[in-house]
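*Asks:* File name start_8.txt; file contents compact mmCIF, C-alpha atoms; full text below.
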```txt
# COMPACT_ATOMS: atom_id res chain seq x y z
CA MET Y 130 -66.87 73.83 45.93
CA PRO Y 131 -66.16 74.77 42.27
CA LYS Y 132 -67.58 72.41 39.65
CA THR Y 133 -64.15 71.53 38.27
CA ILE Y 134 -63.01 70.38 41.72
CA LEU Y 135 -66.15 68.27 42.12
CA GLN Y 136 -65.46 66.68 38.74
CA LYS Y 137 -61.90 65.86 39.81
CA VAL Y 138 -63.17 64.33 43.07
CA ASP Y 139 -65.71 62.22 41.14
CA ALA Y 140 -63.02 61.09 38.69
CA CYS Y 141 -60.70 60.14 41.54
CA MET Y 142 -63.43 58.15 43.27
CA HIS Y 143 -64.27 56.37 40.03
CA ARG Y 144 -60.60 55.46 39.45
CA HIS Y 145 -60.45 54.08 43.00
CA GLN Y 146 -63.58 52.02 42.39
CA LEU Y 147 -62.29 50.79 39.05
CA PHE Y 148 -58.94 49.77 40.54
CA ALA Y 149 -60.58 47.89 43.42
CA MET Y 150 -63.14 46.17 41.20
CA THR Y 151 -60.44 45.20 38.71
CA TRP Y 152 -58.72 43.23 41.47
CA CYS Y 153 -62.01 41.75 42.61
CA CYS Y 154 -62.52 40.49 39.07
CA ALA Y 155 -59.07 38.92 39.35
CA PHE Y 156 -59.86 37.20 42.65
CA ALA Y 157 -63.24 36.01 41.38
CA VAL Y 158 -62.12 34.43 38.12
CA SER Y 159 -59.00 32.86 39.65
CA ALA Y 160 -61.23 30.27 41.37
CA ILE Y 161 -61.86 28.47 38.08
CA TYR Y 162 -58.17 28.30 37.12
CA TYR Y 163 -56.33 27.17 40.26
CA HIS Y 164 -56.56 23.56 39.15
CA GLN Y 165 -54.83 23.98 35.77
CA PRO Y 166 -51.15 23.55 36.78
CA LEU Y 167 -52.21 20.95 39.36
CA LEU Y 168 -54.16 18.52 37.17
CA PRO Y 169 -51.44 15.82 37.11
CA GLN Y 170 -51.01 16.13 40.90
CA MET Y 171 -54.75 16.01 41.53
CA ALA Y 172 -55.21 13.03 39.21
CA ASP Y 173 -52.38 11.19 40.99
CA THR Y 174 -53.97 11.84 44.41
CA PHE Y 175 -57.11 9.96 43.43
CA GLY Y 176 -55.40 7.36 41.22
CA VAL Y 177 -57.03 8.42 37.93
CA SER Y 178 -55.44 8.96 34.53
CA LEU Y 179 -54.46 12.36 33.13
CA GLY Y 180 -57.31 12.03 30.64
CA SER Y 181 -59.80 11.51 33.46
CA GLY Y 182 -58.17 14.33 35.42
CA SER Y 183 -58.98 16.74 32.58
CA TRP Y 184 -62.64 16.39 33.62
CA ILE Y 185 -61.80 18.70 36.52
CA ALA Y 186 -61.30 21.53 34.00
CA THR Y 187 -64.37 20.60 31.95
CA ILE Y 188 -66.71 20.30 34.95
CA THR Y 189 -65.48 23.61 36.40
CA GLN Y 190 -66.14 25.42 33.11
CA LEU Y 191 -69.58 23.83 32.76
CA GLY Y 192 -70.37 24.85 36.34
CA TYR Y 193 -69.33 28.41 35.55
CA ALA Y 194 -71.62 28.51 32.50
CA LEU Y 195 -74.51 27.16 34.60
CA GLY Y 196 -73.84 29.72 37.34
CA LEU Y 197 -73.89 32.51 34.79
CA LEU Y 198 -77.24 31.32 33.49
CA LEU Y 199 -78.85 30.85 36.90
CA PHE Y 200 -77.43 33.66 39.01
CA VAL Y 201 -76.14 36.63 36.96
CA PRO Y 202 -79.59 37.59 35.56
CA LEU Y 203 -80.71 38.14 39.16
CA ALA Y 204 -78.55 41.29 39.23
CA ASP Y 205 -81.28 42.93 37.12
CA ARG Y 206 -83.69 42.18 39.98
CA ILE Y 207 -81.53 42.00 43.15
CA GLU Y 208 -79.11 44.76 44.17
CA PRO Y 209 -75.81 43.61 42.58
CA ARG Y 210 -73.65 44.18 45.65
CA THR Y 211 -75.88 41.93 47.76
CA LEU Y 212 -75.92 39.23 45.09
CA ALA Y 213 -72.13 39.38 44.74
CA ALA Y 214 -71.64 38.99 48.49
CA ARG Y 215 -73.75 35.83 48.48
CA THR Y 216 -71.92 34.21 45.57
CA ILE Y 217 -68.52 35.02 47.09
CA SER Y 218 -69.50 33.40 50.39
CA VAL Y 219 -70.72 30.18 48.80
CA ASN Y 220 -67.67 30.05 46.54
CA ALA Y 221 -65.39 30.15 49.59
CA LEU Y 222 -67.23 27.19 51.12
CA ALA Y 223 -67.02 25.26 47.84
CA LEU Y 224 -63.27 25.81 47.60
CA LEU Y 225 -62.86 24.49 51.14
CA ALA Y 226 -64.97 21.45 50.23
CA CYS Y 227 -62.66 20.74 47.29
CA SER Y 228 -59.60 20.90 49.52
CA LEU Y 229 -61.20 18.27 51.80
CA ALA Y 230 -62.74 16.07 49.09
CA PRO Y 231 -62.51 12.37 50.09
CA SER Y 232 -62.85 11.03 46.52
CA PHE Y 233 -62.56 12.07 42.89
CA THR Y 234 -66.35 12.12 42.54
CA TRP Y 235 -66.73 14.51 45.45
CA LEU Y 236 -63.94 16.66 44.02
CA LEU Y 237 -65.83 16.96 40.73
CA ILE Y 238 -68.99 17.94 42.60
CA GLY Y 239 -67.04 20.57 44.54
CA CYS Y 240 -65.49 21.89 41.32
CA ALA Y 241 -68.95 22.22 39.77
CA VAL Y 242 -70.09 24.38 42.73
CA VAL Y 243 -66.86 26.41 42.58
CA GLY Y 244 -67.56 27.13 38.93
CA MET Y 245 -71.22 27.99 39.53
CA THR Y 246 -70.40 30.56 42.22
CA ALA Y 247 -67.21 32.05 40.72
CA ILE Y 248 -69.33 34.44 38.64
CA THR Y 249 -68.84 37.60 40.72
CA ALA Y 250 -66.78 39.30 37.99
CA GLN Y 251 -69.77 39.01 35.66
CA ILE Y 252 -71.86 40.88 38.22
CA ILE Y 253 -69.18 43.53 38.71
CA ILE Y 254 -68.59 44.27 35.02
CA PRO Y 255 -72.17 45.27 34.02
CA THR Y 256 -72.53 47.22 37.28
CA MET Y 257 -69.40 49.25 36.61
CA VAL Y 258 -70.37 49.82 32.97
CA SER Y 259 -73.76 51.11 34.07
CA ALA Y 260 -72.03 53.56 36.43
CA SER Y 261 -69.70 54.85 33.66
CA PRO Y 262 -70.27 57.47 30.93
CA PRO Y 263 -70.87 55.94 27.46
CA ALA Y 264 -67.67 57.36 25.96
CA ALA Y 265 -65.54 55.56 28.56
CA GLN Y 266 -67.30 52.21 28.68
CA GLY Y 267 -64.86 50.45 26.37
CA LYS Y 268 -61.99 51.58 28.58
CA VAL Y 269 -63.84 50.41 31.71
CA ILE Y 270 -64.53 47.01 30.16
CA GLY Y 271 -60.90 46.74 29.09
CA SER Y 272 -59.67 47.57 32.60
CA LEU Y 273 -61.95 45.04 34.25
CA LEU Y 274 -61.03 42.37 31.73
CA GLY Y 275 -57.42 43.19 32.53
CA GLY Y 276 -58.36 42.07 36.02
CA LEU Y 277 -59.51 38.77 34.55
CA SER Y 278 -56.08 38.40 32.97
CA ALA Y 279 -54.51 39.13 36.33
CA GLY Y 280 -56.76 36.45 37.84
CA LEU Y 281 -55.47 33.87 35.40
CA LEU Y 282 -51.92 34.90 36.28
CA LEU Y 283 -52.65 34.86 40.04
CA ALA Y 284 -54.26 31.42 39.88
CA ARG Y 285 -51.59 29.77 37.77
CA MET Y 286 -48.67 31.27 39.67
CA LEU Y 287 -50.10 30.60 43.13
CA SER Y 288 -51.18 27.06 42.32
CA GLY Y 289 -48.04 26.25 40.37
CA TYR Y 290 -45.46 27.35 42.92
CA GLY Y 291 -47.59 26.79 46.01
CA GLY Y 292 -48.83 23.43 44.82
CA ALA Y 293 -45.28 22.17 44.31
CA GLU Y 294 -44.41 23.06 47.93
CA LEU Y 295 -47.68 22.61 49.84
CA GLY Y 296 -49.83 20.37 47.67
CA TRP Y 297 -53.05 21.15 45.88
CA HIS Y 298 -55.25 20.82 48.99
CA ALA Y 299 -53.55 23.85 50.57
CA ILE Y 300 -53.99 25.94 47.42
CA PHE Y 301 -57.76 25.50 47.49
CA ALA Y 302 -57.81 26.48 51.17
CA VAL Y 303 -55.78 29.64 50.44
CA ALA Y 304 -58.17 30.45 47.58
CA ALA Y 305 -61.07 30.28 50.01
CA ALA Y 306 -59.32 32.76 52.28
CA LEU Y 307 -58.79 35.18 49.37
CA ASN Y 308 -62.54 35.24 48.94
CA GLY Y 309 -62.75 36.93 52.33
CA VAL Y 310 -60.61 39.78 50.99
CA MET Y 311 -62.81 40.04 47.92
CA LEU Y 312 -65.98 40.10 50.01
CA PHE Y 313 -64.69 43.09 51.99
CA MET Y 314 -63.65 44.99 48.84
CA VAL Y 315 -66.94 44.38 47.02
CA TRP Y 316 -69.07 45.42 49.98
CA ARG Y 317 -67.07 48.62 50.50
CA THR Y 318 -66.50 49.66 46.88
CA LEU Y 319 -68.94 48.27 44.31
CA PRO Y 320 -71.40 51.04 43.29
CA VAL Y 321 -74.96 50.62 44.50
CA ILE Y 322 -77.22 50.14 41.47
CA HIS Y 323 -80.96 49.86 41.98
CA PRO Y 324 -82.29 47.20 39.59
CA GLN Y 325 -84.88 48.35 37.07
CA ALA Y 326 -86.47 44.98 36.33
CA SER Y 327 -89.63 44.07 38.21
CA VAL Y 328 -90.33 40.81 36.39
CA SER Y 329 -90.15 37.40 38.05
CA TYR Y 330 -87.10 35.14 37.93
CA ALA Y 331 -88.81 33.01 35.28
CA GLY Y 332 -89.56 36.20 33.36
CA LEU Y 333 -85.88 37.15 33.44
CA LEU Y 334 -84.93 33.80 31.92
CA LYS Y 335 -87.66 34.02 29.26
CA SER Y 336 -86.57 37.55 28.33
CA MET Y 337 -83.07 36.25 27.56
CA VAL Y 338 -84.52 33.73 25.13
CA ALA Y 339 -86.38 36.57 23.41
CA MET Y 340 -83.24 38.72 23.24
CA LEU Y 341 -81.27 35.88 21.71
CA ARG Y 342 -84.01 35.21 19.16
CA GLU Y 343 -84.57 38.84 18.16
CA GLU Y 344 -81.08 40.38 18.28
CA PRO Y 345 -78.61 39.14 15.60
CA LEU Y 346 -75.73 41.00 17.22
CA ILE Y 347 -76.15 39.05 20.47
CA ARG Y 348 -76.22 35.78 18.52
CA LEU Y 349 -73.10 36.69 16.59
CA ALA Y 350 -71.18 37.84 19.68
CA SER Y 351 -72.18 34.69 21.58
CA ALA Y 352 -71.10 32.36 18.77
CA SER Y 353 -67.83 34.26 18.30
CA GLY Y 354 -67.11 34.12 22.01
CA PHE Y 355 -67.85 30.39 22.12
CA LEU Y 356 -65.39 29.61 19.33
CA MET Y 357 -62.59 31.97 20.37
CA PHE Y 358 -62.61 30.89 24.01
CA ALA Y 359 -62.84 27.25 22.95
CA ALA Y 360 -59.60 27.77 21.02
CA PHE Y 361 -58.00 29.47 24.02
CA SER Y 362 -59.13 26.82 26.52
CA ALA Y 363 -58.03 23.93 24.32
CA LEU Y 364 -54.41 24.89 24.95
CA TRP Y 365 -54.61 25.83 28.62
CA ALA Y 366 -56.68 22.80 29.65
CA SER Y 367 -54.15 20.42 28.09
CA LEU Y 368 -50.97 22.37 28.87
CA ALA Y 369 -50.18 20.73 32.20
CA SER Y 370 -50.51 17.20 30.87
CA MET Y 371 -48.46 18.02 27.76
CA LEU Y 372 -45.62 19.66 29.70
CA SER Y 373 -45.52 16.91 32.32
CA GLN Y 374 -44.71 14.37 29.60
CA PRO Y 375 -41.56 13.88 27.46
CA PRO Y 376 -39.50 15.73 26.46
CA TYR Y 377 -40.16 18.28 29.24
CA HIS Y 378 -41.27 16.43 32.42
CA PHE Y 379 -42.12 19.74 34.15
CA ASN Y 380 -43.47 19.85 37.72
CA PRO Y 381 -46.42 22.08 38.80
CA ALA Y 382 -44.11 24.99 39.71
CA ALA Y 383 -42.56 25.06 36.24
CA ILE Y 384 -45.97 24.74 34.59
CA GLY Y 385 -47.34 27.54 36.77
CA ALA Y 386 -44.57 29.84 35.55
CA PHE Y 387 -46.26 29.89 32.15
CA GLY Y 388 -48.92 32.00 33.83
CA PHE Y 389 -46.56 34.95 33.35
CA VAL Y 390 -47.88 35.05 29.80
CA GLY Y 391 -51.03 36.51 31.34
CA LEU Y 392 -49.11 39.72 31.98
CA VAL Y 393 -49.43 40.50 28.29
CA GLY Y 394 -53.22 40.33 28.47
CA LEU Y 395 -53.18 42.31 31.71
CA PHE Y 396 -51.41 45.26 30.09
CA ALA Y 397 -53.12 44.92 26.70
CA SER Y 398 -56.75 44.84 27.85
CA LYS Y 399 -57.14 48.56 28.54
CA LYS Y 400 -55.49 49.44 25.22
CA ILE Y 401 -57.74 46.99 23.41
CA GLY Y 402 -60.77 48.61 25.03
CA MET Y 403 -59.63 52.02 23.80
CA LEU Y 404 -59.16 50.63 20.28
CA VAL Y 405 -62.71 49.25 20.34
CA ASP Y 406 -64.00 52.69 21.39
CA ARG Y 407 -62.13 54.22 18.45
CA PHE Y 408 -62.32 51.68 15.62
CA GLY Y 409 -65.25 49.43 16.49
CA ALA Y 410 -65.69 45.84 17.53
CA GLN Y 411 -65.84 44.12 14.15
CA ARG Y 412 -62.30 44.89 13.05
CA THR Y 413 -60.94 44.08 16.51
CA ILE Y 414 -62.57 40.64 16.48
CA LEU Y 415 -61.21 39.76 13.03
CA TYR Y 416 -57.71 40.67 14.19
CA GLY Y 417 -58.23 38.57 17.32
CA CYS Y 418 -59.22 35.49 15.30
CA SER Y 419 -56.15 35.94 13.09
CA LEU Y 420 -53.86 36.15 16.11
CA ILE Y 421 -55.31 32.96 17.64
CA ALA Y 422 -54.88 31.04 14.38
CA LEU Y 423 -51.30 32.29 14.06
CA ALA Y 424 -50.65 31.37 17.69
CA TYR Y 425 -51.50 27.75 16.98
CA VAL Y 426 -48.99 27.64 14.15
CA PHE Y 427 -46.35 28.24 16.82
CA VAL Y 428 -48.02 25.77 19.20
CA ALA Y 429 -47.57 23.07 16.56
CA LEU Y 430 -43.80 23.57 16.91
CA SER Y 431 -43.84 23.35 20.72
CA GLY Y 432 -42.44 19.83 20.75
CA LEU Y 433 -39.25 21.21 19.27
CA SER Y 434 -38.69 24.20 21.53
CA LEU Y 435 -40.45 25.98 24.39
CA ALA Y 436 -39.74 29.30 22.68
CA TRP Y 437 -42.36 28.50 20.05
CA LEU Y 438 -44.89 27.68 22.77
CA VAL Y 439 -44.28 30.96 24.60
CA VAL Y 440 -44.69 33.00 21.40
CA GLY Y 441 -47.91 31.14 20.63
CA MET Y 442 -49.27 31.69 24.12
CA VAL Y 443 -48.58 35.43 23.97
CA LEU Y 444 -50.34 35.80 20.62
CA MET Y 445 -53.26 33.68 21.79
CA ASP Y 446 -53.72 35.67 24.98
CA VAL Y 447 -53.89 38.96 23.08
CA GLY Y 448 -56.15 37.50 20.39
CA ASN Y 449 -58.60 36.04 22.89
CA ARG Y 450 -58.60 39.25 24.90
CA ALA Y 451 -59.37 41.29 21.77
CA GLY Y 452 -62.36 39.08 21.05
CA LEU Y 453 -63.65 39.25 24.60
CA VAL Y 454 -63.42 43.04 24.94
CA ALA Y 455 -64.93 43.67 21.50
CA ASN Y 456 -67.77 41.16 21.89
CA GLN Y 457 -68.74 42.46 25.32
CA SER Y 458 -68.73 46.02 23.98
CA ARG Y 459 -71.16 44.83 21.31
CA ILE Y 460 -73.62 43.14 23.62
CA PHE Y 461 -73.61 45.90 26.26
CA ALA Y 462 -74.76 48.34 23.57
CA THR Y 463 -77.84 46.31 22.63
CA HIS Y 464 -80.01 46.56 25.80
CA PRO Y 465 -78.60 49.10 28.29
CA GLU Y 466 -81.50 48.47 30.68
CA ALA Y 467 -80.72 44.74 30.86
CA ARG Y 468 -76.94 44.49 30.77
CA ASN Y 469 -76.77 41.64 33.27
CA ARG Y 470 -79.03 39.53 31.09
CA THR Y 471 -77.24 40.29 27.82
CA ASN Y 472 -73.95 39.63 29.58
CA THR Y 473 -75.36 36.33 30.83
CA ILE Y 474 -76.27 35.21 27.31
CA PHE Y 475 -72.80 36.02 26.06
CA MET Y 476 -70.83 34.61 28.98
CA VAL Y 477 -72.82 31.36 29.13
CA SER Y 478 -71.94 30.79 25.50
CA TYR Y 479 -68.36 31.91 26.16
CA PHE Y 480 -67.75 29.40 28.95
CA LEU Y 481 -69.62 26.62 27.22
CA GLY Y 482 -67.01 27.21 24.56
CA GLY Y 483 -64.38 26.95 27.27
CA ALA Y 484 -65.75 23.58 28.36
CA ALA Y 485 -65.94 22.34 24.77
CA GLY Y 486 -62.42 23.57 24.10
CA ALA Y 487 -61.09 21.85 27.21
CA ALA Y 488 -62.62 18.55 26.10
CA LEU Y 489 -61.44 18.93 22.49
CA GLY Y 490 -57.99 20.03 23.57
CA GLY Y 491 -57.55 17.14 25.97
CA TYR Y 492 -58.65 14.60 23.35
CA SER Y 493 -56.63 16.04 20.45
CA ALA Y 494 -53.50 16.36 22.58
CA HIS Y 495 -53.88 12.74 23.72
CA VAL Y 496 -54.32 11.51 20.12
CA ASP Y 497 -51.71 13.59 18.26
CA GLY Y 498 -49.83 15.78 20.76
CA TRP Y 499 -49.01 19.37 19.86
CA HIS Y 500 -49.97 18.91 16.21
CA GLY Y 501 -53.44 17.61 17.01
CA LEU Y 502 -53.96 20.45 19.47
CA ALA Y 503 -52.89 22.99 16.85
CA LEU Y 504 -55.30 21.65 14.22
CA VAL Y 505 -58.23 21.98 16.62
CA GLY Y 506 -57.25 25.54 17.62
CA ILE Y 507 -56.73 26.76 14.06
CA ALA Y 508 -60.07 25.29 12.98
CA LEU Y 509 -61.96 27.00 15.83
CA ALA Y 510 -60.33 30.39 15.17
CA ALA Y 511 -60.92 30.11 11.42
CA ILE Y 512 -64.62 29.33 11.87
CA ALA Y 513 -65.00 32.35 14.18
CA GLY Y 514 -63.25 34.63 11.69
CA VAL Y 515 -65.27 33.43 8.70
CA MET Y 516 -68.49 33.76 10.69
CA ASN Y 517 -67.78 37.41 11.45
CA TRP Y 518 -66.67 38.08 7.89
CA VAL Y 519 -69.89 36.62 6.47
CA ALA Y 520 -71.98 38.45 9.07
CA GLN Y 521 -70.40 41.74 8.01
CA ALA Y 522 -71.74 41.21 4.50
CA SER Y 523 -75.14 40.04 5.76
CA TYR Y 524 -75.89 42.61 8.45
CA GLY Y 525 -73.82 45.56 7.34
CA ARG Y 526 -70.80 47.31 8.75
CA LYS Y 527 -72.86 49.85 10.71
CA VAL Y 528 -74.74 47.20 12.71
CA LEU Y 529 -71.65 45.16 13.55
CA LYS Y 530 -69.52 48.05 14.67
CA GLY Y 531 -71.21 47.80 18.10
```
Please re-express this file's structure in structure tokens.
*Replies:*
Amino acid sequence: MPKTILQKVDACMHRHQLFAMTWCCAFAVSAIYYHQPLLPQMADTFGVSLGSGSWIATITQLGYALGLLLFVPLADRIEPRTLAARTISVNALALLACSLAPSFTWLLIGCAVVGMTAITAQIIIPTMVSASPPAAQGKVIGSLLGGLSAGLLLARMLSGYGGAELGWHAIFAVAAALNGVMLFMVWRTLPVIHPQASVSYAGLLKSMVAMLREEPLIRLASASGFLMFAAFSALWASLASMLSQPPYHFNPAAIGAFGFVGLVGLFASKKIGMLVDRFGAQRTILYGCSLIALAYVFVALSGLSLAWLVVGMVLMDVGNRAGLVANQSRIFATHPEARNRTNTIFMVSYFLGGAAGAALGGYSAHVDGWHGLALVGIALAAIAGVMNWVAQASYGRKVLKG
């Protein structure tokens, strides 16, 4: 068979793999977002306040960060496809446990396990990057992160509309069933990568501490990710409680419809990845911070009109996505032989930021509504932008380009 035909066959197979794994990323990440439009309904089921109900979001994000720390590094030691199959299976059981939870305490425990095992996307992404040529890695990352945007949309739409008709218990049961689809796709499609690390599990964890200590780019990307996702999560974690109150009084279906904003991130992610390949990560991140700060200016006006909220959400989704694609491009370039561990460092920080943002957002919205929420978001985005600006002067443009 001529070489050009073989190249076309390989390209077609890679596109098929990328498409399938993009949707697996969507299914995987959706598990930590199903609760968002349902928080008022879930709080009412167990007779707790909306403020207490926001702990569902915080515990889920903390569980996700812990799962990243404990399980994702194993993909440098255990064949990634096998590891992904195990996490998917446990995640399905945890989702079923949530749907059957007899008390609020047991629900929080179930949500923690859901978060810990919803990390399959962070196994898929380094595996696919390792199987891709260097010149296309930004595009691959962008495509897979587009799947994460689709997962947010899937979760919010399914839980919003389905929860209004069937209740939140049924949504968690459906989510468990979707994990069966994901398990089949991962086992059939994810490339087989033979891990290069031969160190012990404790050695894997210690090596991440050394990477964080010795590599300024990993520290900068992790701190930037923490702050930018904290700003993003502050809005989404408090959105359901804000829209369920005056003057809107929206039900879960109406709140879930705001998930359509995720379509912007879905279509923008691949383009953002291509821009990172062309112009570098540093400039992309600074633009992302600016968009998030501007988004919160519109959020501050959300009490007057929903149009301002929608504009703010669109800008925030693109800004956060720009930061995520650019920061992951940075960290993947630092230690190609240990991408699962560098990705773990970054994503643990990223989702700790999500948990912090959920807590800050819930508190600020409770104290001062949309205006309090906006002040928190602008402050977080501004700190991230200034940090990257100062780092550019300290480390040099060449280092930060990624």
*Asks:* Which neighbours of range 189-201 of chain Y fall inside 10 Å, counting only C-alpha atoms, when residues of the same chain fewer than 5 positions from it are skipped, and could you give them as a PyMOL selection string?
*Replies:* chain Y and resi 158+160-162+164+184+206-207+209+212-213+216+237-253+255+330+334+337+362+469-487
*Asks:* Give one line per residue of range 160-245 of chain Y that approaches range 492-515 of chain Y to at most 12 Å, naming the two atoms of the closest pair and their distance in Å to one decimal, counting all atoms listed in the file; sort by chain then ascending residue number and deliver it as CSV.
*Replies:*
```
residue,atom,partner,partner_atom,distance
Y:Ser178,CA,Y:His495,CA,11.6
Y:Leu179,CA,Y:His495,CA,9.4
Y:Gly180,CA,Y:His495,CA,7.8
Y:Ser181,CA,Y:Tyr492,CA,10.6
Y:Ser183,CA,Y:Tyr492,CA,9.5
Y:Trp184,CA,Y:Tyr492,CA,11.2
Y:Thr187,CA,Y:Tyr492,CA,11.9
```
*Asks:* Measuring atom to atom with only C-alpha atoms, identify which of Y:Leu229, Y:Ala436, Y:Ile460, Y:Ala488 is nearest to Leu341 in chain Y.
*Replies:*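 When distances to Leu341 in chain Y are compared using only C-alpha atoms, the smallest one comes from Y:Ile460.
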*Asks:* Listed atoms of range 222-229 of chain Y, axis-aligned box, 8 Å per side: centre and edge lengths to one decimal in Å, as lines of an AutoDock Vina configuration file?
*Replies:*
```
center_x = -63.4
center_y = 22.7
center_z = 49.5
size_x = 23.6
size_y = 24.9
size_z = 20.5
```
*Asks:* Using all atoms listed in the file, find the one residue out of Y:Phe175, Y:Phe355, Y:Phe389, Y:Trp518 that sits nearest to Gly452 in chain Y.
*Replies:*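 Ranked by minimum distance to Gly452 in chain Y, first place goes to Y:Phe355.
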